[in-house]
Structures are given as C-alpha cells and as structure tokens.
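Peer 1: Just one file: query_30.cif, with mmCIF, C-alpha atoms, pLDDT in the B column; chains and numbers go by the auth columns.
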data_protein
loop_
_atom_site.group_PDB
_atom_site.id
_atom_site.type_symbol
_atom_site.label_atom_id
_atom_site.label_comp_id
_atom_site.label_asym_id
_atom_site.label_seq_id
_atom_site.Cartn_x
_atom_site.Cartn_y
_atom_site.Cartn_z
_atom_site.B_iso_or_equiv
_atom_site.auth_seq_id
_atom_site.auth_asym_id
ATOM 1 C CA MET A 1 7.863 17.731 -10.561 89.00 14 A
ATOM 2 C CA VAL A 2 6.640 16.354 -7.240 96.00 15 A
ATOM 3 C CA LYS A 3 3.121 14.881 -7.314 97.00 16 A
ATOM 4 C CA ILE A 4 1.147 14.397 -4.120 98.00 17 A
ATOM 5 C CA PHE A 5 -2.062 12.400 -3.834 98.00 18 A
ATOM 6 C CA THR A 6 -3.700 13.160 -0.480 98.00 19 A
ATOM 7 C CA ALA A 7 -5.915 10.633 1.305 98.00 20 A
ATOM 8 C CA TYR A 8 -8.120 12.154 3.988 98.00 21 A
ATOM 9 C CA ALA A 9 -9.422 10.423 7.106 98.00 22 A
ATOM 10 C CA GLU A 10 -12.979 11.229 5.959 97.00 23 A
ATOM 11 C CA GLY A 11 -12.582 8.580 3.252 98.00 24 A
ATOM 12 C CA PHE A 12 -11.581 10.369 0.086 98.00 25 A
ATOM 13 C CA LEU A 13 -8.399 10.886 -1.911 98.00 26 A
ATOM 14 C CA VAL A 14 -7.616 13.816 -4.190 98.00 27 A
ATOM 15 C CA LEU A 15 -6.792 12.255 -7.545 97.00 28 A
ATOM 16 C CA ASN A 16 -5.689 14.918 -9.988 92.00 29 A
ATOM 17 C CA SER A 17 -8.606 17.375 -9.693 92.00 30 A
ATOM 18 C CA ASP A 18 -11.183 14.847 -8.438 97.00 31 A
ATOM 19 C CA ARG A 19 -12.172 13.608 -5.000 98.00 32 A
ATOM 20 C CA VAL A 20 -12.526 9.821 -5.081 98.00 33 A
ATOM 21 C CA HIS A 21 -13.611 7.350 -2.435 98.00 34 A
ATOM 22 C CA CYS A 22 -10.865 5.576 -0.484 98.00 35 A
ATOM 23 C CA ALA A 23 -10.501 3.430 2.611 98.00 36 A
ATOM 24 C CA LEU A 24 -7.957 3.951 5.379 98.00 37 A
ATOM 25 C CA GLY A 25 -7.141 2.045 8.553 98.00 38 A
ATOM 26 C CA LYS A 26 -9.982 0.501 10.579 98.00 39 A
ATOM 27 C CA GLY A 27 -8.521 2.247 13.646 98.00 40 A
ATOM 28 C CA GLY A 28 -8.359 5.656 11.975 98.00 41 A
ATOM 29 C CA VAL A 29 -5.203 7.694 11.488 98.00 42 A
ATOM 30 C CA VAL A 30 -2.315 8.300 13.866 98.00 43 A
ATOM 31 C CA PRO A 31 0.864 10.420 13.837 98.00 44 A
ATOM 32 C CA ALA A 32 3.610 8.335 12.227 98.00 45 A
ATOM 33 C CA ALA A 33 5.694 8.422 15.432 97.00 46 A
ATOM 34 C CA ASP A 34 2.782 6.752 17.269 98.00 47 A
ATOM 35 C CA LYS A 35 2.124 4.063 14.628 98.00 48 A
ATOM 36 C CA ARG A 36 2.544 0.521 16.001 98.00 49 A
ATOM 37 C CA GLU A 37 2.526 -2.865 14.338 98.00 50 A
ATOM 38 C CA GLY A 38 -0.994 -4.292 14.197 97.00 51 A
ATOM 39 C CA ASP A 39 -2.796 -1.164 15.481 98.00 52 A
ATOM 40 C CA LEU A 40 -5.018 -0.991 12.347 98.00 53 A
ATOM 41 C CA ARG A 41 -4.209 2.710 11.916 98.00 54 A
ATOM 42 C CA SER A 42 -2.921 4.599 8.901 98.00 55 A
ATOM 43 C CA PRO A 43 0.199 6.703 9.586 98.00 56 A
ATOM 44 C CA LEU A 44 -0.147 10.432 8.963 98.00 57 A
ATOM 45 C CA GLY A 45 2.518 11.855 6.683 98.00 58 A
ATOM 46 C CA MET A 46 3.831 11.870 3.125 98.00 59 A
ATOM 47 C CA TRP A 47 5.020 8.500 1.874 98.00 60 A
ATOM 48 C CA PRO A 48 7.017 8.110 -1.333 98.00 61 A
ATOM 49 C CA VAL A 49 5.778 5.666 -3.917 98.00 62 A
ATOM 50 C CA ARG A 50 8.413 2.922 -4.261 98.00 63 A
ATOM 51 C CA TYR A 51 7.215 0.310 -6.779 98.00 64 A
ATOM 52 C CA VAL A 52 4.204 -1.691 -7.973 98.00 65 A
ATOM 53 C CA TRP A 53 3.232 -5.353 -7.715 98.00 66 A
ATOM 54 C CA TYR A 54 0.387 -6.899 -9.692 99.00 67 A
ATOM 55 C CA ARG A 55 -1.278 -10.330 -10.048 98.00 68 A
ATOM 56 C CA PRO A 56 -0.389 -11.435 -13.597 98.00 69 A
ATOM 57 C CA ASP A 57 -3.100 -14.115 -13.589 98.00 70 A
ATOM 58 C CA ARG A 58 -5.763 -11.461 -12.944 98.00 71 A
ATOM 59 C CA LEU A 59 -4.537 -8.165 -14.407 98.00 72 A
ATOM 60 C CA PRO A 60 -2.406 -6.928 -17.282 98.00 73 A
ATOM 61 C CA VAL A 61 0.809 -5.073 -16.530 98.00 74 A
ATOM 62 C CA PRO A 62 -0.275 -1.656 -15.194 98.00 75 A
ATOM 63 C CA GLU A 63 0.488 1.456 -17.240 98.00 76 A
ATOM 64 C CA THR A 64 3.098 3.341 -15.218 98.00 77 A
ATOM 65 C CA VAL A 65 6.683 4.547 -15.349 98.00 78 A
ATOM 66 C CA LEU A 66 7.235 3.154 -11.839 98.00 79 A
ATOM 67 C CA PRO A 67 9.105 -0.132 -11.401 98.00 80 A
ATOM 68 C CA VAL A 68 6.624 -3.021 -11.780 98.00 81 A
ATOM 69 C CA LYS A 69 6.961 -6.583 -10.481 98.00 82 A
ATOM 70 C CA ALA A 70 4.686 -9.555 -11.115 98.00 83 A
ATOM 71 C CA LEU A 71 3.529 -11.219 -7.896 98.00 84 A
ATOM 72 C CA SER A 72 3.983 -14.941 -7.463 98.00 85 A
ATOM 73 C CA PRO A 73 2.325 -17.329 -4.989 98.00 86 A
ATOM 74 C CA ASP A 74 5.417 -17.372 -2.768 98.00 87 A
ATOM 75 C CA ASP A 75 5.531 -13.601 -2.181 99.00 88 A
ATOM 76 C CA GLY A 76 5.022 -12.327 1.353 98.00 89 A
ATOM 77 C CA TRP A 77 5.840 -9.366 3.581 98.00 90 A
ATOM 78 C CA CYS A 78 7.479 -9.705 6.993 98.00 91 A
ATOM 79 C CA ASP A 79 5.610 -8.082 9.910 98.00 92 A
ATOM 80 C CA ASP A 80 7.546 -9.992 12.594 98.00 93 A
ATOM 81 C CA VAL A 81 9.074 -7.452 14.994 97.00 94 A
ATOM 82 C CA SER A 82 11.667 -10.021 16.103 98.00 95 A
ATOM 83 C CA SER A 83 12.923 -10.621 12.550 98.00 96 A
ATOM 84 C CA ASN A 84 15.832 -8.895 10.813 97.00 97 A
ATOM 85 C CA LEU A 85 13.578 -8.889 7.730 98.00 98 A
ATOM 86 C CA TYR A 86 10.920 -6.721 9.413 98.00 99 A
ATOM 87 C CA ASN A 87 9.001 -4.573 6.906 98.00 100 A
ATOM 88 C CA LEU A 88 10.635 -6.232 3.922 98.00 101 A
ATOM 89 C CA PRO A 89 9.349 -8.563 1.215 98.00 102 A
ATOM 90 C CA VAL A 90 10.024 -12.245 1.885 98.00 103 A
ATOM 91 C CA LYS A 91 9.610 -15.519 0.032 98.00 104 A
ATOM 92 C CA LEU A 92 7.242 -18.100 1.460 98.00 105 A
ATOM 93 C CA PRO A 93 7.321 -20.338 3.323 98.00 106 A
ATOM 94 C CA PHE A 94 8.657 -17.982 5.972 98.00 107 A
ATOM 95 C CA ASP A 95 8.947 -18.926 9.643 97.00 108 A
ATOM 96 C CA GLY A 96 8.175 -15.495 11.111 98.00 109 A
ATOM 97 C CA SER A 97 4.922 -13.560 11.133 98.00 110 A
ATOM 98 C CA HIS A 98 4.089 -12.303 7.656 98.00 111 A
ATOM 99 C CA GLU A 99 1.409 -11.299 5.200 98.00 112 A
ATOM 100 C CA THR A 100 0.739 -13.452 2.164 98.00 113 A
ATOM 101 C CA LEU A 101 0.549 -11.175 -0.872 98.00 114 A
ATOM 102 C CA TRP A 102 -1.013 -13.764 -3.232 98.00 115 A
ATOM 103 C CA ARG A 103 -4.548 -13.693 -1.819 98.00 116 A
ATOM 104 C CA GLU A 104 -7.888 -15.293 -2.633 98.00 117 A
ATOM 105 C CA ASP A 105 -9.654 -11.935 -2.468 98.00 118 A
ATOM 106 C CA HIS A 106 -8.705 -9.152 -4.858 98.00 119 A
ATOM 107 C CA VAL A 107 -7.334 -6.433 -2.559 98.00 120 A
ATOM 108 C CA TYR A 108 -3.709 -7.256 -3.421 98.00 121 A
ATOM 109 C CA ASP A 109 -4.225 -7.776 -7.151 99.00 122 A
ATOM 110 C CA LEU A 110 -2.532 -4.387 -7.513 99.00 123 A
ATOM 111 C CA ILE A 111 -0.192 -3.077 -4.785 99.00 124 A
ATOM 112 C CA VAL A 112 1.816 0.116 -4.613 98.00 125 A
ATOM 113 C CA VAL A 113 4.525 -0.136 -1.958 98.00 126 A
ATOM 114 C CA LEU A 114 4.788 3.105 0.023 98.00 127 A
ATOM 115 C CA GLY A 115 7.957 4.249 1.735 98.00 128 A
ATOM 116 C CA HIS A 116 6.661 4.141 5.298 98.00 129 A
ATOM 117 C CA ASN A 117 9.162 2.994 7.942 98.00 130 A
ATOM 118 C CA ASP A 118 11.577 1.608 5.384 97.00 131 A
ATOM 119 C CA ASP A 119 14.730 3.727 5.429 95.00 132 A
ATOM 120 C CA PRO A 120 15.716 1.958 7.633 96.00 133 A
ATOM 121 C CA PRO A 121 12.808 -0.045 9.083 97.00 134 A
ATOM 122 C CA VAL A 122 12.316 0.442 12.821 97.00 135 A
ATOM 123 C CA LYS A 123 10.878 -2.691 14.399 97.00 136 A
ATOM 124 C CA GLY A 124 7.349 -2.210 15.677 98.00 137 A
ATOM 125 C CA LEU A 125 6.592 1.130 13.970 98.00 138 A
ATOM 126 C CA GLY A 126 4.384 -0.467 11.321 98.00 139 A
ATOM 127 C CA SER A 127 4.969 -2.542 8.240 98.00 140 A
ATOM 128 C CA ALA A 128 3.365 -3.097 4.852 97.00 141 A
ATOM 129 C CA ILE A 129 1.727 0.285 4.371 98.00 142 A
ATOM 130 C CA PHE A 130 0.499 -0.097 0.817 98.00 143 A
ATOM 131 C CA LEU A 131 -1.792 1.576 -1.657 98.00 144 A
ATOM 132 C CA HIS A 132 -4.014 -1.301 -2.806 99.00 145 A
ATOM 133 C CA LEU A 133 -7.493 -2.188 -4.030 99.00 146 A
ATOM 134 C CA ALA A 134 -10.511 -1.421 -1.869 98.00 147 A
ATOM 135 C CA ARG A 135 -13.116 -3.958 -0.898 98.00 148 A
ATOM 136 C CA GLU A 136 -16.471 -3.434 -2.555 97.00 149 A
ATOM 137 C CA ASP A 137 -17.872 -1.760 0.585 98.00 150 A
ATOM 138 C CA TYR A 138 -14.710 0.324 1.186 98.00 151 A
ATOM 139 C CA SER A 139 -14.364 -1.198 4.643 98.00 152 A
ATOM 140 C CA GLY A 140 -11.289 -0.162 6.612 98.00 153 A
ATOM 141 C CA THR A 141 -7.836 -1.550 5.984 98.00 154 A
ATOM 142 C CA GLU A 142 -5.126 -2.676 8.382 98.00 155 A
ATOM 143 C CA GLY A 143 -3.413 0.691 7.888 98.00 156 A
ATOM 144 C CA CYS A 144 -3.124 0.984 4.119 98.00 157 A
ATOM 145 C CA VAL A 145 -4.852 3.292 1.634 99.00 158 A
ATOM 146 C CA ALA A 146 -7.314 1.484 -0.652 99.00 159 A
ATOM 147 C CA LEU A 147 -8.864 2.659 -3.927 98.00 160 A
ATOM 148 C CA SER A 148 -11.017 1.204 -6.687 98.00 161 A
ATOM 149 C CA LEU A 149 -9.163 -0.544 -9.503 98.00 162 A
ATOM 150 C CA ASP A 150 -10.022 2.248 -11.947 98.00 163 A
ATOM 151 C CA HIS A 151 -8.818 4.977 -9.596 98.00 164 A
ATOM 152 C CA LEU A 152 -5.606 3.136 -8.731 98.00 165 A
ATOM 153 C CA ARG A 153 -4.899 2.606 -12.434 98.00 166 A
ATOM 154 C CA GLU A 154 -5.508 6.327 -13.055 98.00 167 A
ATOM 155 C CA LEU A 155 -3.126 7.269 -10.253 98.00 168 A
ATOM 156 C CA LEU A 156 -0.433 4.951 -11.623 98.00 169 A
ATOM 157 C CA LYS A 157 -0.672 6.480 -15.097 98.00 170 A
ATOM 158 C CA THR A 158 0.492 9.840 -13.720 96.00 171 A
ATOM 159 C CA ALA A 159 2.758 8.646 -10.880 98.00 172 A
ATOM 160 C CA ASP A 160 6.526 8.741 -11.185 98.00 173 A
ATOM 161 C CA ALA A 161 9.632 8.594 -8.987 97.00 174 A
ATOM 162 C CA GLU A 162 8.682 11.939 -7.406 98.00 175 A
ATOM 163 C CA THR A 163 5.173 10.888 -6.362 98.00 176 A
ATOM 164 C CA TYR A 164 3.963 10.763 -2.767 98.00 177 A
ATOM 165 C CA VAL A 165 0.812 9.534 -1.072 98.00 178 A
ATOM 166 C CA GLU A 166 -0.064 11.802 1.820 98.00 179 A
ATOM 167 C CA ILE A 167 -2.279 10.534 4.624 98.00 180 A
ATOM 168 C CA SER A 168 -3.980 13.482 6.309 98.00 181 A
ATOM 169 C CA ARG A 169 -6.698 14.313 8.829 97.00 182 A
#
Would you write the structure of this file as structure tokens?

Peer 2:
Amino acid sequence: MVKIFTAYAEGFLVLNSDRVHCALGKGGVVPAADKREGDLRSPLGMWPVRYVWYRPDRLPVPETVLPVKALSPDDGWCDDVSSNLYNLPVKLPFDGSHETLWREDHVYDLIVVLGHNDDPPVKGLGSAIFLHLAREDYSGTEGCVALSLDHLRELLKTADAETYVEISR
C-alpha cells in the first residue's frame, strides 16, 4: 500500500495522523521543472524514498524495512553539473563539486535519499534532495526536507518501498 508523507511550505509534515514541524528550502518551494542546482528551493512533487544512510558513530541502525547503509568519512554526493556523476553518491576525495555527507553538525546523521531527478539525473535540475535531520531552530535547508530525529525515526518505522515524500504548497 502506497504511503505518502506530505511536507507543506508552511513548515509542517503530516506524519501518520499528526502534523509535525519540518524545514524546507531557504528559498521556498518551486515546481520541479523549475528547480535548479543551488537555488535553495525544495522541488514540488512526490518523491519516492530510495534508501537510508546513518552515522554509525552517532546513531544505532534505524528501524526500517528500507535498505540501510552506514556512512563513512569518505562519502559524498556529486552536485557538479559538468560531471557524469551528477546527483550520484561519490567517494572522497572527489575533484568535482560535491557535498560531504560525514559532517561535524548533526543534520546528516540520518539521511533518507529521495528519488528527485535521479531516473536519469538531468544536469542542473537539482541534486541531493534528502529527508534529513533539522537544525535546532528548524532553519531552512538547501532544498531538502528536515525533521527532528524522533519524527524521522517514526517515519522510517512505517516507510517501505512504496513510500513517497510529497513536497506541497
């Protein structure tokens, strides 16, 4: 059965029957066709949940039926529009522009990779749209959806291969 968790531009996500606080892109939301690399906007639409990464030095393996991978210090994500690896995970060091997934802060301690612009990736239409941990003040993301650790864990307990995160106005 398809499960949809909807994140609204007003800053909340419907989690089961509850409305919980979330953060979206600092630049607001934008139709997916208008999403551009680095625009700080979250793409409107329904994005399938692909798999989960977690920091094994900070968190236990999350409870979920989704595929789970332990992050390592050399994990990154390519956001280089000139690279053939655009919007794909990469190993560091990496010569092109990229995000480092092993961070000093805690926002990437738990990452759910969403299927935005990945089948196949179109260069420049946005990369690394994740569901990840929110900062304490729920400040805006670079285009991702961010939740508290407890809420993200709750979502993962009920998520499966037919789960989507919808970003809506």

Peer 1: Which residues match the PyMOL selection byres ((chain A and resi 23) around 10) in the file above, as an MDAnalysis selection string?

Peer 2: chainID A and resid 20:22 24:26 34:37 41 181:182

Peer 1: For the file shown, what are the residues hit by the PyMOL selection byres ((chain A and resi 146) around 8), laid out as a PyMOL selection string?

Peer 2: chain A and resi 119-124+144-145+147-148+159-162+165

Peer 1: Around the point (9.4, -6.1, 19.2) (coordinates from the file), which residues reach within 10 Å if we count all atoms listed in the file? Answer as an MDAnalysis selection string.

Peer 2: chainID A and resid 50 93:96 99 135:138

Peer 1: As an exercise, work out the distance from atom CA of A:Met59 to atom CA of A:Leu72 in Å and give it to one decimal place.

Peer 2: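 Answer for the atom CA of A:Met59 to atom CA of A:Leu72 separation: 27.9 Å.
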
Peer 1: Just give me the residues with any atom within 10 Å of (-3.2, -1.5, 13.2), file coordinates, counting all atoms listed in the file, written as a ChimeraX atom specification.

Peer 2: /A:38-43,48-56,139-140,154-157

Peer 1: Have a look at atom CA of A:Tyr64 and atom CA of A:Val27 and let me know their distance in Å, one decimal.

Peer 2: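 Between atom CA of A:Tyr64 and atom CA of A:Val27 the gap works out to 20.2 Å.
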
Peer 1: Given only C-alpha atoms as the basis, pick out the residue of A:Val103, A:Ile142, A:Leu28, A:Leu98 nearest to A:His164.

Peer 2: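 Closest to A:His164, using only C-alpha atoms: A:Leu28.
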
Peer 1: From the set A:Val125, A:Gly58, A:Asp92, A:Asp118, which residue has the shortest atom-to-atom contact distance to A:Leu168, counting only C-alpha atoms?

Peer 2: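 Closest to A:Leu168, using only C-alpha atoms: A:Val125.
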
Peer 1: Given the PyMOL selection byres ((chain A and resi 78) around 6) and the file above, list the residues it selects as an MDAnalysis selection string.

Peer 2: chainID A and resid 77 79 173
